[in-house]
Each structure stands twice: as structure tokens, then as C-alpha cells.
file coords_30.tsv (TSV, C-alpha atoms)
chain	number	residue	atom	x	y	z
A	144	MET	CA	-38.60	-49.53	88.27
A	145	THR	CA	-38.81	-52.22	90.95
A	146	HIS	CA	-35.72	-53.67	92.56
A	147	ASP	CA	-35.54	-57.33	93.58
A	148	ARG	CA	-32.59	-58.47	95.65
A	149	PRO	CA	-31.20	-61.70	94.10
A	150	GLU	CA	-31.17	-64.86	96.22
A	151	THR	CA	-27.37	-64.97	95.90
A	152	LEU	CA	-27.27	-61.76	97.99
A	153	ALA	CA	-29.63	-62.88	100.76
A	154	GLU	CA	-26.81	-63.11	103.28
A	155	ALA	CA	-24.80	-60.09	102.10
A	156	PRO	CA	-23.85	-57.79	104.99
A	157	LEU	CA	-24.84	-54.48	103.39
A	158	GLY	CA	-27.13	-52.40	105.57
A	159	ARG	CA	-26.74	-54.41	108.75
A	160	GLU	CA	-25.71	-52.32	111.74
A	161	SER	CA	-23.43	-55.05	113.09
A	162	ALA	CA	-21.55	-55.18	109.79
A	163	TYR	CA	-19.75	-51.85	110.18
A	164	PRO	CA	-16.42	-52.80	111.75
A	165	ASP	CA	-13.79	-51.04	113.80
A	166	ARG	CA	-11.24	-53.85	113.61
A	167	TYR	CA	-9.81	-55.99	110.82
A	168	ASP	CA	-12.24	-58.70	109.74
A	169	PRO	CA	-11.68	-60.74	106.54
A	170	ALA	CA	-15.02	-62.51	107.06
A	171	LEU	CA	-16.73	-59.34	105.79
A	172	LEU	CA	-15.80	-60.22	102.19
A	173	TYR	CA	-18.82	-61.69	100.43
A	174	PRO	CA	-17.95	-63.95	97.48
A	175	ILE	CA	-20.53	-64.69	94.78
A	176	ALA	CA	-20.13	-67.58	92.33
A	177	ARG	CA	-19.75	-66.29	88.78
A	178	ALA	CA	-21.34	-69.42	87.30
A	179	ALA	CA	-24.95	-68.46	88.13
A	180	ASN	CA	-24.78	-65.30	86.01
A	181	ARG	CA	-22.72	-66.88	83.25
A	182	ALA	CA	-25.00	-69.84	82.64
A	183	PRO	CA	-27.79	-67.78	80.95
A	184	LEU	CA	-25.16	-66.46	78.50
A	185	GLY	CA	-24.05	-69.98	77.60
A	186	ILE	CA	-20.65	-69.49	79.27
A	187	ARG	CA	-19.15	-72.66	80.68
A	188	GLU	CA	-16.81	-72.36	83.64
A	189	ASP	CA	-14.61	-75.16	82.28
A	190	ALA	CA	-14.24	-73.49	78.86
A	191	LEU	CA	-14.34	-69.71	79.21
A	192	PRO	CA	-14.50	-67.96	75.81
A	193	PHE	CA	-12.34	-65.07	77.02
A	194	ASP	CA	-9.33	-63.96	79.00
A	195	GLY	CA	-9.74	-61.10	81.41
A	196	GLU	CA	-9.45	-59.44	84.76
A	197	ASP	CA	-11.50	-57.37	87.17
A	198	GLU	CA	-9.46	-54.30	88.08
A	199	TRP	CA	-10.51	-52.30	91.12
A	200	HIS	CA	-9.30	-49.04	92.62
A	201	ALA	CA	-9.99	-48.27	96.27
A	202	PHE	CA	-9.56	-44.60	97.19
A	203	GLU	CA	-10.43	-44.93	100.89
A	204	VAL	CA	-7.66	-47.16	102.23
A	205	SER	CA	-6.19	-46.44	105.64
A	206	TRP	CA	-4.55	-48.25	108.53
A	207	LEU	CA	-2.46	-47.46	111.63
A	208	THR	CA	1.29	-47.78	112.17
A	209	PRO	CA	2.44	-49.65	115.31
A	210	ARG	CA	2.63	-46.22	117.00
A	211	GLY	CA	-0.98	-45.40	116.12
A	212	LYS	CA	-0.38	-42.94	113.29
A	213	PRO	CA	-2.80	-43.23	110.34
A	214	VAL	CA	-1.56	-44.01	106.84
A	215	VAL	CA	-3.69	-43.35	103.76
A	216	GLY	CA	-3.30	-44.63	100.24
A	217	VAL	CA	-4.98	-45.82	97.07
A	218	ALA	CA	-5.07	-49.52	96.23
A	219	ARG	CA	-5.30	-51.24	92.87
A	220	PHE	CA	-6.59	-54.82	92.90
A	221	ARG	CA	-6.74	-57.35	90.10
A	222	LEU	CA	-8.77	-60.56	90.14
A	223	PRO	CA	-8.57	-63.02	87.23
A	224	ALA	CA	-11.76	-63.61	85.25
A	225	ASP	CA	-11.32	-67.36	85.69
A	226	SER	CA	-11.62	-67.11	89.48
A	227	PRO	CA	-14.73	-69.02	90.59
A	228	ASN	CA	-16.05	-66.05	92.57
A	229	LEU	CA	-16.40	-62.33	92.24
A	230	ILE	CA	-16.53	-60.24	95.42
A	231	GLU	CA	-19.57	-58.08	96.13
A	232	SER	CA	-18.41	-54.47	96.18
A	233	LYS	CA	-20.24	-53.28	99.31
A	234	SER	CA	-18.72	-56.09	101.33
A	235	TRP	CA	-15.34	-55.15	99.87
A	236	LYS	CA	-15.82	-51.59	101.17
A	237	LEU	CA	-16.77	-52.86	104.63
A	238	TYR	CA	-13.72	-55.12	104.65
A	239	LEU	CA	-11.43	-52.22	103.75
A	240	ASN	CA	-13.03	-50.12	106.48
A	241	SER	CA	-11.99	-52.79	108.96
A	242	PHE	CA	-8.37	-51.75	108.39
A	243	ASN	CA	-9.00	-48.20	109.65
A	244	GLN	CA	-8.24	-48.84	113.32
A	245	THR	CA	-5.92	-51.80	112.81
A	246	SER	CA	-2.14	-51.59	113.23
A	247	PHE	CA	0.20	-53.09	110.64
A	248	ALA	CA	3.96	-53.25	110.83
A	249	SER	CA	4.49	-52.08	107.24
A	250	ARG	CA	2.92	-51.43	103.84
A	251	GLU	CA	4.22	-54.85	102.82
A	252	GLU	CA	2.18	-56.46	105.59
A	253	VAL	CA	-0.93	-54.60	104.41
A	254	ILE	CA	-0.38	-55.81	100.83
A	255	ALA	CA	0.23	-59.39	101.94
A	256	THR	CA	-2.93	-59.34	104.07
A	257	LEU	CA	-5.04	-57.97	101.23
A	258	GLU	CA	-3.69	-60.50	98.74
A	259	LYS	CA	-4.30	-63.40	101.13
A	260	ASP	CA	-7.88	-62.42	102.02
A	261	LEU	CA	-8.96	-61.51	98.48
A	262	ALA	CA	-7.49	-64.73	97.07
A	263	ALA	CA	-9.37	-66.75	99.69
A	264	ALA	CA	-12.67	-65.05	98.80
A	265	ALA	CA	-12.20	-65.14	95.02
A	266	GLY	CA	-10.77	-68.65	94.93
A	267	ALA	CA	-7.77	-67.55	92.85
A	268	PRO	CA	-4.62	-65.41	93.29
A	269	ALA	CA	-5.21	-61.67	93.58
A	270	SER	CA	-2.66	-58.93	92.96
A	271	VAL	CA	-2.49	-55.74	95.03
A	272	GLU	CA	-0.62	-52.46	94.52
A	273	LEU	CA	-0.58	-49.57	97.00
A	274	PHE	CA	-0.01	-45.99	95.85
A	275	GLY	CA	0.41	-42.67	97.57
A	276	VAL	CA	-2.48	-40.29	96.98
A	277	ASP	CA	-0.35	-38.09	94.69
A	278	ASP	CA	1.29	-40.93	92.76
A	279	GLN	CA	1.64	-40.21	89.04
A	280	ALA	CA	0.43	-43.75	88.31
A	281	LEU	CA	-3.06	-42.53	89.28
A	282	ALA	CA	-3.16	-39.72	86.72
A	283	THR	CA	-6.31	-39.74	84.59
A	284	GLN	CA	-6.27	-40.65	80.90
A	285	ARG	CA	-8.68	-40.59	77.95
A	286	LEU	CA	-10.04	-43.63	76.19
A	287	PRO	CA	-8.35	-44.26	72.84
A	288	GLY	CA	-10.21	-44.56	69.55
A	289	ASP	CA	-13.37	-42.94	68.21
A	290	CYS	CA	-16.16	-41.82	70.55
A	291	ILE	CA	-19.58	-42.73	69.14
A	292	ASP	CA	-21.66	-40.69	71.60
A	293	GLU	CA	-22.43	-37.80	69.22
A	294	LEU	CA	-24.27	-40.00	66.73
A	295	ASP	CA	-27.80	-38.67	66.21
A	296	VAL	CA	-29.85	-41.78	66.90
A	297	ALA	CA	-33.37	-42.45	68.16
A	298	ILE	CA	-33.40	-44.93	71.04
A	299	ASP	CA	-36.31	-46.74	72.65
A	300	ALA	CA	-34.71	-49.97	73.97
A	301	TYR	CA	-33.39	-49.89	77.53
A	302	THR	CA	-32.86	-53.58	78.23
A	303	PRO	CA	-30.08	-55.51	76.43
A	304	ASP	CA	-31.02	-56.26	72.84
A	305	PRO	CA	-28.28	-57.94	70.74
A	306	ALA	CA	-30.49	-57.64	67.65
A	307	LEU	CA	-29.42	-53.98	67.55
A	308	LEU	CA	-25.91	-55.07	66.56
A	309	ALA	CA	-25.16	-55.19	62.84
A	310	VAL	CA	-22.03	-55.48	60.69
A	311	GLY	CA	-20.98	-54.78	57.11
A	312	GLU	CA	-18.80	-56.80	54.78
A	313	GLU	CA	-15.60	-54.76	55.07
A	314	ILE	CA	-12.97	-56.18	57.44
A	315	VAL	CA	-11.54	-53.47	59.69
A	316	GLU	CA	-9.42	-53.04	62.79
A	317	GLU	CA	-10.65	-50.20	64.98
A	318	THR	CA	-11.21	-48.96	68.52
A	319	LEU	CA	-14.52	-47.38	69.56
A	320	HIS	CA	-15.76	-46.08	72.88
A	321	SER	CA	-18.81	-44.62	74.59
A	322	HIS	CA	-19.41	-42.87	77.91
A	323	LEU	CA	-23.15	-43.61	77.85
A	324	LEU	CA	-23.05	-46.99	79.55
A	325	LYS	CA	-25.38	-47.32	82.52
A	326	SER	CA	-26.64	-50.38	84.34
A	327	ASN	CA	-28.14	-50.88	87.80
A	328	CYS	CA	-26.68	-52.46	90.91
A	329	PRO	CA	-28.30	-55.81	91.74
A	330	VAL	CA	-27.79	-55.15	95.47
A	331	THR	CA	-29.26	-51.65	95.83
A	332	GLY	CA	-30.89	-50.90	92.48
A	333	GLN	CA	-28.82	-47.70	92.29
A	334	PRO	CA	-27.37	-46.60	88.92
A	335	ASP	CA	-23.88	-47.69	87.88
A	336	TRP	CA	-22.40	-45.26	85.33
A	337	GLY	CA	-19.53	-46.18	83.09
A	338	SER	CA	-17.53	-45.91	79.91
A	339	VAL	CA	-16.89	-48.81	77.56
A	340	LEU	CA	-14.14	-49.44	75.04
A	341	ILE	CA	-14.44	-51.94	72.19
A	342	ARG	CA	-11.37	-52.85	70.15
A	343	TYR	CA	-11.77	-55.45	67.42
A	344	ARG	CA	-10.68	-56.82	64.09
A	345	GLY	CA	-13.46	-58.18	61.94
A	346	PRO	CA	-16.53	-57.11	59.94
A	347	ARG	CA	-17.15	-53.40	60.45
A	348	LEU	CA	-19.63	-52.72	63.24
A	349	ASP	CA	-22.55	-50.44	62.46
A	350	ARG	CA	-21.82	-47.59	64.88
A	351	GLU	CA	-25.41	-46.44	65.32
A	352	GLY	CA	-26.50	-49.98	66.13
A	353	LEU	CA	-23.59	-50.37	68.56
A	354	LEU	CA	-24.51	-47.17	70.39
A	355	LYS	CA	-28.16	-48.25	70.66
A	356	TYR	CA	-27.03	-51.62	71.97
A	357	LEU	CA	-24.79	-50.12	74.67
A	358	VAL	CA	-27.55	-47.75	75.78
A	359	SER	CA	-29.93	-50.72	75.99
A	360	TYR	CA	-28.23	-51.69	79.29
A	361	ARG	CA	-29.73	-48.59	80.89
A	362	GLN	CA	-32.36	-50.47	82.91
A	363	HIS	CA	-30.45	-53.75	83.17
A	364	GLN	CA	-29.69	-54.98	86.68
A	365	ASP	CA	-26.42	-56.90	86.98
A	366	PHE	CA	-22.87	-56.79	88.28
A	367	HIS	CA	-20.30	-54.79	86.33
A	368	GLU	CA	-18.33	-57.94	85.58
A	369	HIS	CA	-21.29	-59.76	84.05
A	370	CYS	CA	-22.39	-56.74	82.00
A	371	VAL	CA	-18.99	-56.80	80.31
A	372	GLU	CA	-19.27	-60.54	79.72
A	373	HIS	CA	-22.75	-60.02	78.28
A	374	ILE	CA	-21.44	-57.40	75.85
A	375	PHE	CA	-18.50	-59.61	74.89
A	376	THR	CA	-20.63	-62.69	74.18
A	377	ASP	CA	-23.20	-60.69	72.19
A	378	LEU	CA	-20.49	-59.09	70.03
A	379	MET	CA	-18.81	-62.44	69.41
A	380	ALA	CA	-22.13	-64.03	68.42
A	381	ARG	CA	-23.46	-61.20	66.24
A	382	ALA	CA	-20.26	-59.74	64.71
A	383	ARG	CA	-17.91	-62.76	64.78
A	384	PRO	CA	-14.70	-60.70	65.01
A	385	GLU	CA	-11.27	-62.32	64.70
A	386	ARG	CA	-10.12	-60.42	67.78
A	387	LEU	CA	-12.10	-58.57	70.42
A	388	LEU	CA	-11.51	-56.60	73.62
A	389	VAL	CA	-14.34	-55.21	75.74
A	390	LEU	CA	-13.29	-52.95	78.62
A	391	ALA	CA	-15.61	-51.05	80.96
A	392	ARG	CA	-14.42	-48.32	83.30
A	393	TYR	CA	-17.20	-47.78	85.84
A	394	VAL	CA	-17.54	-44.54	87.79
A	395	ARG	CA	-16.29	-44.54	91.37
A	396	ARG	CA	-18.98	-45.17	93.99
A	397	GLY	CA	-18.39	-45.50	97.72
A	398	GLY	CA	-14.67	-45.00	97.20
A	399	LEU	CA	-14.40	-47.95	94.78
A	400	ASP	CA	-14.36	-48.24	91.03
A	401	ILE	CA	-14.50	-51.45	89.02
A	402	SER	CA	-13.03	-51.91	85.55
A	403	PRO	CA	-13.57	-55.41	84.14
A	404	TRP	CA	-12.18	-56.42	80.76
A	405	ARG	CA	-12.75	-59.53	78.66
A	406	ALA	CA	-10.90	-60.39	75.46
A	407	THR	CA	-10.07	-63.08	72.97
A	408	SER	CA	-6.80	-64.88	73.60
A	409	GLY	CA	-3.75	-62.64	73.35
A	410	GLU	CA	-5.59	-59.31	73.55
A	411	ARG	CA	-4.73	-56.96	76.42
A	412	PRO	CA	-6.19	-53.60	77.47
A	413	PRO	CA	-4.24	-50.35	77.26
A	414	GLU	CA	-2.54	-49.43	80.53
A	415	PRO	CA	-2.53	-47.31	82.58
A	416	LEU	CA	-6.09	-46.14	81.99
A	417	ARG	CA	-7.97	-44.37	84.78
A	418	LEU	CA	-10.65	-41.96	83.60
A	419	ALA	CA	-11.69	-38.61	85.07
A	420	ARG	CA	-14.96	-40.03	86.46
A	421	GLN	CA	-13.02	-42.63	88.39
call {"tool": "encode", "arguments": {"input": "coords_30.tsv", "output": "C-alpha cells"}}
result
Amino acid sequence: MTHDRPETLAEAPLGRESAYPDRYDPALLYPIARAANRAPLGIREDALPFDGEDEWHAFEVSWLTPRGKPVVGVARFRLPADSPNLIESKSWKLYLNSFNQTSFASREEVIATLEKDLAAAAGAPASVELFGVDDQALATQRLPGDCIDELDVAIDAYTPDPALLAVGEEIVEETLHSHLLKSNCPVTGQPDWGSVLIRYRGPRLDREGLLKYLVSYRQHQDFHEHCVEHIFTDLMARARPERLLVLARYVRRGGLDISPWRATSGERPPEPLRLARQ
């Protein structure tokens, strides 16, 4: 499989020797307009068909006290789906690394700095929580609902194919999940592994078709956030549910995991929900 770096990433700092910092530098954050990836899906920025957030965990967060002693923690970030920009994950890692040899007066100053810089890059308010490494809030959970991964299906489609989705006539309310989601990073071409949860009310989804559809992302190259939006828009178009939540929990890579969710108005994801692979 060939990997082509998108034009929107031409100036991204990943892989440049000068980009690896030893002092705080908010300019390392690399925002990318969401609109370019949403347009092919028919998503208008002035009339988003979903609510949602991008939730991140950073497991390699450290800074210095005024006396030079290191502090370590785990950060949880949330960016709203209606922010004009997402933030490229490798630049996010470089930005967090720039805290390593930087002194801050308090945890509150660290949080305020993160919120200010992330909001400036995303173009919308960002929320930040800092946890100790043993905090119970970070305990792993299991996805609710029925896992469809053991279905005995033959699969030969590995690029997104919404025609695989089918529904019956019965109206149901159910929660399904799969751990077989895989897409590829548009920056490096490396695999992004994940789990996906689908909660809906509407015509019953054919489970075999749904599993084939989710696996069809296996050779797809896109950001986590836009994969979730792709799944959401395909399900809305093909299944026409009354209510829908699509949540992906991607596996940690480089000390970061990303968990975007998109939903019809009023739907919210279950919380807290950090999986073992994260």
C-alpha cells in the first residue's frame, strides 16, 4: 500500500530535527481545518448533522516545579466537534514534550496554559483535566452492549463501502460494538487500531453487514475524527435511525489516544470509558 502525505500536512513538524523541543513552545501545535475532510461527506460547517467531542488522553505529561523537581501526570482533553480545526496528533505530542523542562508554579498554571494553547489552535474552547498516574478515574472499562466480532462472515472489502449496511423492518433500541476497527494514519501511513460503539434507535441493523462495513475501513487513510464522522453519516443515510451515537476508542500510540464521538442531538456517550488497549 502506498502512502501519500496530504497537502494539508505539508508544513507539519513531524520528523524535522528542529521540531523536538526542550522548552515550552505553543507554536508546535499544528491545526488542520475540518472542513476539507467533511466536504466529501456532504457535511456543512454551518449546519453540522451531529453533536460531539474529540476526547484525548495523554500519558506522557511532565513539567518542572519552580525548584526543578519533575511532576508527571495523565491529561484528558476535550475539543468540541464544532471547532473549526482539529489538531494533528504528532504535533500535539511535540507540544506536550515542550513542557518537560519548563517550570510552572502549579498544576493550575499547567491546566490554564494547556486550555489557552489548545483553544487557540482548535478555534474553540478546550477543557483539560490532570490526573495522578494511579487515579481511579483512569481505570479501564469494557464497552457496553453486544460485541459482533465473533460473527462468522466472509470479508473482501477493505475500503469504506456503505452498501454493506442493511436494515430490517423491526424498530429496536440497542448497543453494538466491535474491536476490529482499523484505519491508517494520513501523516505516516501507520495503522490506527480501535474499538467502535454504535448505539441507536431505529430499524434493526443487519449485524453481519455492519461488521463487514466496519472492517472495510482497514485500508482507509484518514484522521480518527473523520473516520467517526464517515461512519456516522453512512449510518444516518443507510439506516435512518431516530437516534444514533458513534464512539471510537482508538489504541494509544506515542503516549496519546483519541476517542471521538458523534451523535444526534441529545445523545451522550457513556462515561468514564477507557479501554484496556488505551
call {"tool": "closest_residue", "arguments": {"input": "coords_30.tsv", "among": "A:Ala255, A:Glu313, A:Gln362, A:Asp299", "to": "Gln333 (chain A)", "atoms": "only C-alpha atoms"}}
result
A:Gln362
call {"tool": "closest_residue", "arguments": {"input": "coords_30.tsv", "among": "A:His322, A:Leu222, A:Asn180, A:Ala309", "to": "Gln364 (chain A)", "atoms": "only C-alpha atoms"}}
result
A:Asn180
call {"tool": "atom_distance", "arguments": {"input": "coords_30.tsv", "atom1": "CA of Arg386 (chain A)", "atom2": "CA of Ile374 (chain A)"}}
result
14.2 Å
call {"tool": "closest_residue", "arguments": {"input": "coords_30.tsv", "among": "A:Glu312, A:Thr302, A:Leu399, A:Arg392", "to": "Tyr356 (chain A)", "atoms": "all atoms listed in the file"}}
result
A:Thr302
call {"tool": "closest_residue", "arguments": {"input": "coords_30.tsv", "among": "A:Thr318, A:Asn327, A:Ser359, A:Thr245", "to": "Pro303 (chain A)", "atoms": "all atoms listed in the file"}}
result
A:Ser359
call {"tool": "closest_residue", "arguments": {"input": "coords_30.tsv", "among": "A:Leu353, A:Val276, A:Ala262, A:Leu388", "to": "Asp304 (chain A)", "atoms": "all atoms listed in the file"}}
result
A:Leu353
call {"tool": "closest_residue", "arguments": {"input": "coords_30.tsv", "among": "A:Val214, A:Leu378, A:Leu418, A:Leu294", "to": "Leu281 (chain A)", "atoms": "all atoms listed in the file"}}
result
A:Leu418
call {"tool": "atom_distance", "arguments": {"input": "coords_30.tsv", "atom1": "CA of Pro223 (chain A)", "atom2": "CA of Ser270 (chain A)"}}
result
9.2 Å
call {"tool": "axis_aligned_box", "arguments": {"input": "coords_30.tsv", "around": "region 334-352 of chain A", "padding_each_side": "5 Å", "output": "lines of an AutoDock Vina configuration file"}}
result
center_x = -19.0
center_y = -51.7
center_z = 74.4
size_x = 26.7
size_y = 22.9
size_z = 39.0
call {"tool": "residues_around", "arguments": {"input": "coords_30.tsv", "residues": "Arg361 (chain A)", "least_positions_apart": "6", "cutoff": "12 Å", "atoms": "all atoms listed in the file", "output": "ChimeraX atom specification"}}
result
/A:144,298-304,323-328,332-337,354-355,370
call {"tool": "atom_distance", "arguments": {"input": "coords_30.tsv", "atom1": "CA of Ala391 (chain A)", "atom2": "CA of Pro268 (chain A)"}}
result
21.9 Å
call {"tool": "decode", "arguments": {"input": "coords_30.tsv", "residues": "region 218-256 of chain A", "atoms": "N, CA and C atoms", "output": "mmCIF file, in the first residue's frame"}}
result
data_model
loop_
_atom_site.group_PDB
_atom_site.id
_atom_site.type_symbol
_atom_site.label_atom_id
_atom_site.label_comp_id
_atom_site.auth_asym_id
_atom_site.auth_seq_id
_atom_site.Cartn_x
_atom_site.Cartn_y
_atom_site.Cartn_z
ATOM 1 N N ALA A 218 -3.209 13.493 31.290
ATOM 2 C CA ALA A 218 -4.136 14.571 30.956
ATOM 3 C C ALA A 218 -5.279 14.040 30.102
ATOM 4 N N ARG A 219 -6.459 14.579 30.349
ATOM 5 C CA ARG A 219 -7.620 14.314 29.498
ATOM 6 C C ARG A 219 -8.037 15.644 28.877
ATOM 7 N N PHE A 220 -8.124 15.644 27.551
ATOM 8 C CA PHE A 220 -8.502 16.842 26.802
ATOM 9 C C PHE A 220 -9.819 16.594 26.086
ATOM 10 N N ARG A 221 -10.608 17.627 25.947
ATOM 11 C CA ARG A 221 -11.827 17.539 25.145
ATOM 12 C C ARG A 221 -11.924 18.761 24.244
ATOM 13 N N LEU A 222 -12.092 18.484 22.944
ATOM 14 C CA LEU A 222 -12.320 19.535 21.950
ATOM 15 C C LEU A 222 -13.711 19.330 21.354
ATOM 16 N N PRO A 223 -14.486 20.395 21.194
ATOM 17 C CA PRO A 223 -15.821 20.232 20.613
ATOM 18 C C PRO A 223 -15.750 19.932 19.123
ATOM 19 N N ALA A 224 -16.687 19.126 18.643
ATOM 20 C CA ALA A 224 -16.711 18.756 17.230
ATOM 21 C C ALA A 224 -16.998 19.949 16.321
ATOM 22 N N ASP A 225 -17.589 21.017 16.879
ATOM 23 C CA ASP A 225 -17.867 22.182 16.052
ATOM 24 C C ASP A 225 -16.711 23.177 16.038
ATOM 25 N N SER A 226 -15.559 22.823 16.611
ATOM 26 C CA SER A 226 -14.384 23.674 16.462
ATOM 27 C C SER A 226 -13.949 23.644 15.005
ATOM 28 N N PRO A 227 -13.488 24.761 14.454
ATOM 29 C CA PRO A 227 -13.113 24.762 13.038
ATOM 30 C C PRO A 227 -11.918 23.875 12.711
ATOM 31 N N ASN A 228 -11.061 23.621 13.713
ATOM 32 C CA ASN A 228 -9.853 22.845 13.457
ATOM 33 C C ASN A 228 -9.758 21.640 14.382
ATOM 34 N N LEU A 229 -9.177 20.556 13.859
ATOM 35 C CA LEU A 229 -8.637 19.523 14.725
ATOM 36 C C LEU A 229 -7.148 19.816 14.888
ATOM 37 N N ILE A 230 -6.489 19.075 15.772
ATOM 38 C CA ILE A 230 -5.060 19.282 15.990
ATOM 39 C C ILE A 230 -4.335 17.980 15.666
ATOM 40 N N GLU A 231 -3.372 18.053 14.780
ATOM 41 C CA GLU A 231 -2.640 16.867 14.344
ATOM 42 C C GLU A 231 -1.912 16.261 15.538
ATOM 43 N N SER A 232 -2.051 14.949 15.703
ATOM 44 C CA SER A 232 -1.631 14.307 16.952
ATOM 45 C C SER A 232 -0.120 14.328 17.173
ATOM 46 N N LYS A 233 0.675 14.213 16.115
ATOM 47 C CA LYS A 233 2.128 14.223 16.319
ATOM 48 C C LYS A 233 2.589 15.587 16.799
ATOM 49 N N SER A 234 1.985 16.642 16.276
ATOM 50 C CA SER A 234 2.340 17.979 16.743
ATOM 51 C C SER A 234 1.911 18.166 18.196
ATOM 52 N N TRP A 235 0.793 17.545 18.549
ATOM 53 C CA TRP A 235 0.311 17.601 19.936
ATOM 54 C C TRP A 235 1.347 16.959 20.858
ATOM 55 N N LYS A 236 1.900 15.822 20.450
ATOM 56 C CA LYS A 236 2.919 15.149 21.253
ATOM 57 C C LYS A 236 4.154 16.033 21.402
ATOM 58 N N LEU A 237 4.600 16.647 20.311
ATOM 59 C CA LEU A 237 5.763 17.524 20.378
ATOM 60 C C LEU A 237 5.500 18.701 21.312
ATOM 61 N N TYR A 238 4.306 19.249 21.222
ATOM 62 C CA TYR A 238 3.930 20.363 22.102
ATOM 63 C C TYR A 238 3.989 19.934 23.565
ATOM 64 N N LEU A 239 3.429 18.774 23.880
ATOM 65 C CA LEU A 239 3.472 18.296 25.266
ATOM 66 C C LEU A 239 4.909 18.042 25.715
ATOM 67 N N ASN A 240 5.749 17.556 24.822
ATOM 68 C CA ASN A 240 7.153 17.357 25.165
ATOM 69 C C ASN A 240 7.840 18.663 25.547
ATOM 70 N N SER A 241 7.334 19.768 24.999
ATOM 71 C CA SER A 241 7.964 21.054 25.293
ATOM 72 C C SER A 241 7.739 21.505 26.734
ATOM 73 N N PHE A 242 6.867 20.805 27.460
ATOM 74 C CA PHE A 242 6.666 21.098 28.881
ATOM 75 C C PHE A 242 7.735 20.437 29.765
ATOM 76 N N ASN A 243 8.454 19.453 29.218
ATOM 77 C CA ASN A 243 9.290 18.585 30.056
ATOM 78 C C ASN A 243 10.339 19.321 30.869
ATOM 79 N N GLN A 244 10.950 20.341 30.304
ATOM 80 C CA GLN A 244 11.993 21.094 31.001
ATOM 81 C C GLN A 244 11.552 22.519 31.296
ATOM 82 N N THR A 245 10.229 22.703 31.423
ATOM 83 C CA THR A 245 9.672 24.027 31.688
ATOM 84 C C THR A 245 9.086 24.060 33.092
ATOM 85 N N SER A 246 9.379 25.125 33.839
ATOM 86 C CA SER A 246 8.874 25.270 35.207
ATOM 87 C C SER A 246 7.512 25.955 35.207
ATOM 88 N N PHE A 247 6.608 25.412 36.016
ATOM 89 C CA PHE A 247 5.299 26.025 36.235
ATOM 90 C C PHE A 247 5.076 26.150 37.740
ATOM 91 N N ALA A 248 4.370 27.194 38.114
ATOM 92 C CA ALA A 248 4.160 27.461 39.537
ATOM 93 C C ALA A 248 3.239 26.449 40.184
ATOM 94 N N SER A 249 2.322 25.856 39.399
ATOM 95 C CA SER A 249 1.307 24.965 39.972
ATOM 96 C C SER A 249 0.661 24.133 38.878
ATOM 97 N N ARG A 250 -0.094 23.098 39.296
ATOM 98 C CA ARG A 250 -0.882 22.315 38.359
ATOM 99 C C ARG A 250 -1.912 23.201 37.678
ATOM 100 N N GLU A 251 -2.456 24.151 38.428
ATOM 101 C CA GLU A 251 -3.468 25.059 37.868
ATOM 102 C C GLU A 251 -2.890 25.880 36.724
ATOM 103 N N GLU A 252 -1.627 26.278 36.855
ATOM 104 C CA GLU A 252 -0.993 27.030 35.765
ATOM 105 C C GLU A 252 -0.793 26.143 34.542
ATOM 106 N N VAL A 253 -0.451 24.879 34.763
ATOM 107 C CA VAL A 253 -0.303 23.943 33.642
ATOM 108 C C VAL A 253 -1.634 23.795 32.912
ATOM 109 N N ILE A 254 -2.714 23.580 33.674
ATOM 110 C CA ILE A 254 -4.032 23.414 33.068
ATOM 111 C C ILE A 254 -4.431 24.667 32.293
ATOM 112 N N ALA A 255 -4.241 25.820 32.885
ATOM 113 C CA ALA A 255 -4.608 27.074 32.219
ATOM 114 C C ALA A 255 -3.815 27.261 30.928
ATOM 115 N N THR A 256 -2.540 26.900 30.954
ATOM 116 C CA THR A 256 -1.703 27.023 29.755
ATOM 117 C C THR A 256 -2.179 26.080 28.660
#
